[in-house]
Amino acid sequence: MTDPQQDRQVTDPADLKAVAHPLRVRMLALLRRHGPATATELAQRLDTETGSTSYHLRILAKHGFIAEAAAGPQGRRHPRERRWEAVHRTTGWSNTQLAATEAGREAAAMMRRRQVEVLIGDVERFETEQDELEPAWVEAAGIGDLQVRLTLAGLAELWDRFYTHLDELRARDSDDPAAAVVSVVVAGFPRASDR
């Protein structure tokens with residue numbers, strides 16, 4: 001049985017590159033959000049082929065992001081059924097550690113770009129679905145683009161406070177029936193020049 005509360009700090013560029021594949025990012029997100037699923041169930045949700053999801057599940061398992069789920073209270077529906085679950089709640093990495101090698105820089109860059117693609121998908125989804133949302137949810141949604149002067153310590157403090165507060169809100173709101181899944185993307189990149 002895995003502990004979905006633990007976080008994974010990736011140190012091997014090959015692991016980060018493996019999870020950065022577009023379909024694998026989406027599959028891992030679904031397993032984290034909805035719990036265990038089979039390759040067939042994921043293929044239906046992602047509108048892809050079961051063979052493809054099965055292949056990508058094996059890659060995620062090989063790199064330690066998912067594991068075969070224990071049989072539930074009713075067991076398995078079919079003896080060959082394999083249900084998969086996320087092993088970690090989040091995936092993180094050290095920019096400086098990965099920047100020490102070309103492979104690490106490439107893997108981190110690939111993952112950052114994948115995160116931007118997820119953000120673009122979330123924005124597009126919001127724009128097409130906002131008529132189905134309550135006006136208060138539409139008003140609460142947003143995206144910011146700020147450039148501020150911070151010290152290294154200030155940026156580190158911003159990250160610490162953000163994640164601490166997010167964990168507090170998640171714990172407080174998780175069982176509230178009024179809660180909804182909210183996509184939260186944050187970024188903080190220092191600039192070498194003021195161009």
# chains A, B, ... in the order shown; residues from 1 in each chain; ligands from 1
$ closest_atom_pairs --of "region 36-153 of chain A" --to "region 159-182 of chain A" --cutoff "10 Å" --atoms "only C-alpha atoms" --output "JSON lines"
{"residue": "A:Asp122", "atom": "CA", "partner": "A:Val182", "partner_atom": "CA", "distance": 9.6}
{"residue": "A:Trp137", "atom": "CA", "partner": "A:Ala180", "partner_atom": "CA", "distance": 9.6}
{"residue": "A:Ala141", "atom": "CA", "partner": "A:Val182", "partner_atom": "CA", "distance": 8.9}
$ select_by_dssp --residues "region 64-141 of chain A" --states "alpha helix (DSSP H)" --output "tab-separated table (two decimals) with C-alpha atoms, in the first residue's frame"
chain	number	residue	atom	x	y	z
A	95	ASN	CA	17.08	22.81	-10.30
A	96	THR	CA	20.71	23.17	-9.23
A	97	GLN	CA	21.25	19.43	-8.85
A	98	LEU	CA	19.79	18.69	-12.29
A	102	GLU	CA	23.32	18.31	-19.73
A	103	ALA	CA	20.84	15.44	-19.30
A	104	GLY	CA	19.54	17.03	-16.10
A	105	ARG	CA	19.13	20.46	-17.71
A	106	GLU	CA	17.30	18.86	-20.64
A	107	ALA	CA	14.96	16.87	-18.37
A	108	ALA	CA	14.12	19.89	-16.18
A	109	ALA	CA	13.49	22.07	-19.25
A	110	MET	CA	11.24	19.38	-20.73
A	111	MET	CA	9.23	19.16	-17.51
A	112	ARG	CA	8.87	22.96	-17.19
A	113	ARG	CA	7.53	23.12	-20.74
A	114	ARG	CA	5.12	20.28	-19.98
A	115	GLN	CA	3.86	22.28	-16.99
A	116	VAL	CA	3.26	25.28	-19.27
A	117	GLU	CA	1.30	23.01	-21.65
A	118	VAL	CA	-0.85	21.89	-18.71
A	119	LEU	CA	-1.46	25.53	-17.82
A	120	ILE	CA	-2.50	26.35	-21.39
A	121	GLY	CA	-4.87	23.37	-21.37
A	122	ASP	CA	-6.35	24.52	-18.06
A	123	VAL	CA	-6.89	28.06	-19.41
A	124	GLU	CA	-8.56	26.71	-22.57
A	125	ARG	CA	-10.76	24.36	-20.53
A	126	PHE	CA	-11.80	27.21	-18.23
A	127	GLU	CA	-12.66	29.41	-21.21
A	128	THR	CA	-14.90	26.74	-22.76
A	129	GLU	CA	-16.53	25.64	-19.48
A	135	PRO	CA	-20.45	33.24	-11.35
A	136	ALA	CA	-18.58	33.23	-8.00
A	137	TRP	CA	-16.24	30.49	-9.29
A	138	VAL	CA	-15.67	32.44	-12.52
A	139	GLU	CA	-14.85	35.54	-10.50
A	140	ALA	CA	-12.49	33.64	-8.16
$ closest_residue --among "A:Thr101, A:Gln6, A:Gln130, A:Thr90" --to "Arg33 (chain A)" --atoms "only C-alpha atoms"
A:Thr90
$ residues_around --residues "Arg8 (chain A)" --least-positions-apart "3" --cutoff "10 Å" --atoms "only C-alpha atoms" --output "list of chain:residue names"
A:Gln5, A:Thr11, A:Gly64, A:Phe65, A:Val87, A:His88, A:Arg89, A:Thr90, A:Thr91, A:Gly92, A:Trp93
$ closest_residue --among "A:Pro190, A:His21, A:Pro36, A:Ser183" --to "Thr151 (chain A)" --atoms "only C-alpha atoms"
A:Pro190
$ select_by_dssp --residues "region 6-189 of chain A" --states "strand (DSSP E or B)" --output "VMD selection string"
chain A and resid 7 to 10 37 66 to 68 72 75 84 to 86 90 to 93
$ closest_residue --among "A:Val186, A:Met27, A:Ala86, A:Ala71" --to "Thr40 (chain A)" --atoms "only C-alpha atoms"
A:Met27
$ atom_distance --atom1 "CA of Arg24 (chain A)" --atom2 "CA of Ala100 (chain A)"
25.4 Å
$ residues_around --residues "region 42-58 of chain A" --least-positions-apart "6" --cutoff "12 Å" --atoms "only C-alpha atoms" --output "mmCIF file with N, CA and C atoms, in the first residue's frame"
data_model
loop_
_atom_site.group_PDB
_atom_site.id
_atom_site.type_symbol
_atom_site.label_atom_id
_atom_site.label_comp_id
_atom_site.auth_asym_id
_atom_site.auth_seq_id
_atom_site.Cartn_x
_atom_site.Cartn_y
_atom_site.Cartn_z
ATOM 1 N N ALA A 18 11.151 10.646 -18.035
ATOM 2 C CA ALA A 18 10.116 9.629 -18.227
ATOM 3 C C ALA A 18 8.732 10.161 -17.858
ATOM 4 N N VAL A 19 8.639 10.905 -16.780
ATOM 5 C CA VAL A 19 7.332 11.408 -16.344
ATOM 6 C C VAL A 19 6.896 12.615 -17.164
ATOM 7 N N ALA A 20 7.812 13.258 -17.886
ATOM 8 C CA ALA A 20 7.493 14.471 -18.635
ATOM 9 C C ALA A 20 6.761 14.207 -19.948
ATOM 10 N N HIS A 21 6.598 12.959 -20.331
ATOM 11 C CA HIS A 21 5.862 12.644 -21.562
ATOM 12 C C HIS A 21 4.421 13.155 -21.430
ATOM 13 N N PRO A 22 3.859 13.787 -22.461
ATOM 14 C CA PRO A 22 2.518 14.389 -22.337
ATOM 15 C C PRO A 22 1.437 13.447 -21.819
ATOM 16 N N LEU A 23 1.368 12.231 -22.347
ATOM 17 C CA LEU A 23 0.326 11.300 -21.896
ATOM 18 C C LEU A 23 0.604 10.825 -20.469
ATOM 19 N N ARG A 24 1.866 10.626 -20.131
ATOM 20 C CA ARG A 24 2.204 10.167 -18.774
ATOM 21 C C ARG A 24 1.876 11.229 -17.735
ATOM 22 N N VAL A 25 2.108 12.499 -18.068
ATOM 23 C CA VAL A 25 1.750 13.588 -17.150
ATOM 24 C C VAL A 25 0.258 13.540 -16.862
ATOM 25 N N ARG A 26 -0.548 13.374 -17.915
ATOM 26 C CA ARG A 26 -2.006 13.347 -17.747
ATOM 27 C C ARG A 26 -2.465 12.107 -16.976
ATOM 28 N N MET A 27 -1.845 10.957 -17.265
ATOM 29 C CA MET A 27 -2.220 9.724 -16.571
ATOM 30 C C MET A 27 -1.893 9.820 -15.081
ATOM 31 N N LEU A 28 -0.707 10.306 -14.763
ATOM 32 C CA LEU A 28 -0.307 10.428 -13.361
ATOM 33 C C LEU A 28 -1.229 11.403 -12.635
ATOM 34 N N ALA A 29 -1.600 12.493 -13.296
ATOM 35 C CA ALA A 29 -2.525 13.459 -12.684
ATOM 36 C C ALA A 29 -3.867 12.807 -12.380
ATOM 37 N N LEU A 30 -4.382 11.983 -13.303
ATOM 38 C CA LEU A 30 -5.660 11.309 -13.075
ATOM 39 C C LEU A 30 -5.560 10.315 -11.917
ATOM 40 N N LEU A 31 -4.472 9.571 -11.848
ATOM 41 C CA LEU A 31 -4.300 8.614 -10.746
ATOM 42 C C LEU A 31 -4.191 9.346 -9.414
ATOM 43 N N HIS A 34 -8.003 10.871 -8.895
ATOM 44 C CA HIS A 34 -9.158 9.972 -8.794
ATOM 45 C C HIS A 34 -8.854 8.620 -8.176
ATOM 46 N N GLY A 35 -7.597 8.331 -7.898
ATOM 47 C CA GLY A 35 -7.256 7.052 -7.290
ATOM 48 C C GLY A 35 -7.002 5.967 -8.323
ATOM 49 N N PRO A 36 -6.872 4.721 -7.859
ATOM 50 C CA PRO A 36 -6.481 3.613 -8.735
ATOM 51 C C PRO A 36 -7.385 3.455 -9.955
ATOM 52 N N GLY A 64 9.145 4.380 -10.878
ATOM 53 C CA GLY A 64 8.727 4.553 -9.485
ATOM 54 C C GLY A 64 7.650 5.585 -9.214
ATOM 55 N N PHE A 65 6.902 6.011 -10.231
ATOM 56 C CA PHE A 65 5.848 6.998 -10.008
ATOM 57 C C PHE A 65 4.513 6.360 -9.662
ATOM 58 N N ILE A 66 4.306 5.128 -10.117
ATOM 59 C CA ILE A 66 3.073 4.408 -9.814
ATOM 60 C C ILE A 66 3.422 2.982 -9.413
ATOM 61 N N ALA A 67 2.438 2.293 -8.824
ATOM 62 C CA ALA A 67 2.613 0.888 -8.449
ATOM 63 C C ALA A 67 1.275 0.190 -8.622
ATOM 64 N N GLU A 68 1.342 -1.120 -8.733
ATOM 65 C CA GLU A 68 0.100 -1.873 -8.830
ATOM 66 C C GLU A 68 -0.644 -1.747 -7.501
ATOM 67 N N GLU A 81 -6.917 -8.371 -14.305
ATOM 68 C CA GLU A 81 -7.058 -6.924 -14.149
ATOM 69 C C GLU A 81 -5.914 -6.372 -13.302
ATOM 70 N N ARG A 82 -5.316 -5.303 -13.795
ATOM 71 C CA ARG A 82 -4.251 -4.616 -13.046
ATOM 72 C C ARG A 82 -4.702 -3.189 -12.813
ATOM 73 N N ARG A 83 -4.814 -2.834 -11.551
ATOM 74 C CA ARG A 83 -5.160 -1.464 -11.185
ATOM 75 C C ARG A 83 -3.877 -0.785 -10.721
ATOM 76 N N TRP A 84 -3.699 0.455 -11.143
ATOM 77 C CA TRP A 84 -2.499 1.204 -10.824
ATOM 78 C C TRP A 84 -2.855 2.391 -9.956
ATOM 79 N N GLU A 85 -1.917 2.770 -9.090
ATOM 80 C CA GLU A 85 -2.122 3.948 -8.241
ATOM 81 C C GLU A 85 -0.846 4.766 -8.178
ATOM 82 N N ALA A 86 -1.031 6.063 -7.953
ATOM 83 C CA ALA A 86 0.115 6.960 -7.793
ATOM 84 C C ALA A 86 0.814 6.647 -6.476
#
